[in-house]
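K.L.:
So that we are looking at the same thing, I have put the structure below in structure tokens.
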Protein chains: 2
Amino acid sequence: MKRKGILIVVSGFSGAGKGTLMKELLKRYDNYALSVSMTTRAPREGEVDGESYFFVDKETFERTIEEDGLIEYASYCGNYYGTPRKYVEKCLQDGRDVILEIEIQGALKVKEKFPEALLLFVMPPSAAELKRRLEGRGTESPEVIRERLVRASEEAEGIENYEYLIINDDLDECVREMNDIINAARRNPVRNRHLIADMRSELDAVVKGE
Amino acid sequence: MKRKGILIVVSGFSGAGKGTLMKELLKRYDNYALSVSMTTRAPREGEVDGESYFFVDKETFERTIEEDGLIEYASYCGNYYGTPRKYVEKCLQDGRDVILEIEIQGALKVKEKFPEALLLFVMPPSAAELKRRLEGRGTESPEVIRERLVRASEEAEGIENYEYLIINDDLDECVREMNDIINAARRNPVRNRHLIADMRSELDAVVKGE
């Protein structure tokens with residue numbers, strides 16, 4: 001029997017290195033697939049449709065919402081962003097583990113719809129290092145730093161909703177640990193409902209005298 | 001800074017191989033310690049005080065209860081059984097991971113007192129295998145099999161309270177996986193309260209203007 005994939009939601013502090021981490025994870029292990037978001041915002045230079053995003057118009061996006069074609073969506077600065085359901089479900093059925101990179105509000109919506117989703121939160125190894133990373137190299141404007149801090153502060157409120165912290169100190173080690181953590185998470189009861197149900201009905205049958 | 005140990009509670013179906021599994025885990029990795037229970041029952045042939053159990057009289061046991069010296073205790077067939085607090089806390093402080101083998105009622109009591117305790121449930125790989133193991137080799141009396149089944153049925157009710165299932169198919173692989181799972185569990189937010197609190201106060205301080 002083919003194993004069903006896990007839906008993996010990755011959030012984390014700005015500057016924690018989520019992007020690099022996931023790129024490396026996909027390069028090193030072939031069971032992962034990255035979800036591509038759908039958006040109504042215009043493509044930027046170098047962005048490829050179907051890779052960076054699925055670029056669609058507002059009508060298409062809203063029709064997709066109505067058809068329940070998105071796992072979660074939100075709007076920022078007048079544009080929609082969302083996670084198409086079809087690609088995710090296809091990957092999971094094929095036994096691949098699908099990674100979504102979204103912030104906490106979206107993560108909680110996904111967990112509500114998919115209780116077996118795995119929520120990971122990427123952070124630097126210490127508060128001092130967090131501060132260093134948020135402040136950047138002194139090249140960012142005070143407004144950008146301010147924005148990052150406020151966002152980080154909001155994200156920090158929700159950490160307890162995540163199943164694991166991914167401590168990004170050394171990239172190489174962190175990628176390996178992230179893969180180990182995902183494998184361990186496959187053994188959580190929430191991701192083994194069939195097995196547990198089978199055990200229970202077997203026990204019931206035997207207790208009742210076969 | 002020395003890492004604090006994890007309190008690991010192991011339960012599971014009769015015949016799932018808990019004993020062998022833990023013996024092998026302790027042999028292979030040196031960060032684990034096995035908790036020794038206290039009991040008022042008489043030692044059996046070959047049992048060593050302080051190894052198999054701490055054998056004490058009823059007065060001593062009840063005084064230990066009054067002094068809050070037990071993490072959990074229960075009585076079966078007129079005898080007390082309990083987990084002495086002192087040894088467990090000493091090990092955890094020393095950075096060792098302490099394993100308690102107890103059934104579900106005790107496991108839930110431990111989790112209440114130690115929210116960071118890790119609850120593991122050992123089971124065979126399939127319902128068919130569970131049935132085979134519970135029925136034994138046909139040498140057990142019907143009463144013994146009946147007792148096992150009823151107990152297994154009760155234990156099965158509580159599986160969702162455990163953090164991970166330990167699927168014992170191949171012993172060698174299972175021991176390795178159990179160790180991996182315990183390491184992954186160190187990254188659960190409940191076991192990283194200090195780190196999270198530090199991150200939050202660092203963010204607060206920076207947001208408020210250092």
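We label chains A, B, ... in the order they appear in the structure tokens, count residues from 1 in each chain, and number ligands from 1 in the order shown.
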Write out as a PyMOL selection string all residues of region 104-184 of chain B that DSSP puts in alpha helix (DSSP H) for this structure's backbone.

P.N.:
chain B and resi 104-113+127-135+142-157+171-184

K.L.:
Give me, as a PyMOL selection string, the contact residues of chain A against chain B at a cut-off of 8 Å, counting only C-alpha atoms.

P.N.:
chain A and resi 126-128+130-131+146+149-150+152-153+156+159-160+162-166+177+180-181+184-185+187-190+195-196+198-200+202-204+206-207

K.L.:
If you run DSSP on the backbone, which residues of region 4-194 of chain B are strand (DSSP E or B), as a PyMOL selection string?

P.N.:
chain B and resi 7-12+32-34+38-39+49+53-55+70-76+79-84+97-101+118-123+164-167

K.L.:
Pick out the residues sitting within 9 Å of region 66-77 of chain A, and hand them over as an NGL selection string; count only C-alpha atoms, and ignore anything fewer than 6 positions along from it in its own chain.

P.N.:
:A and (38 or 83-86 or 88 or 105-107 or 109-110 or 113)

K.L.:
Residues near Leu7 (chain A), anyone? I mean within 7 Å using only C-alpha atoms, not counting same-chain ones fewer than 6 positions away, as JSON, numbers by chain.

P.N.:
{"A": [97, 98, 99, 117, 118]}

K.L.:
Excluding same-chain residues fewer than 5 positions from region 50-58 of chain A, what lies within 7 Å of it counting only C-alpha atoms, as number ranges by chain?

P.N.:
A: 36-40, 43

K.L.:
Using only C-alpha atoms for the distances, tell me which of A:Leu34, A:Cys174, A:Ala16, A:Val48 is nearest to Glu101 (chain A).

P.N.:
A:Leu34
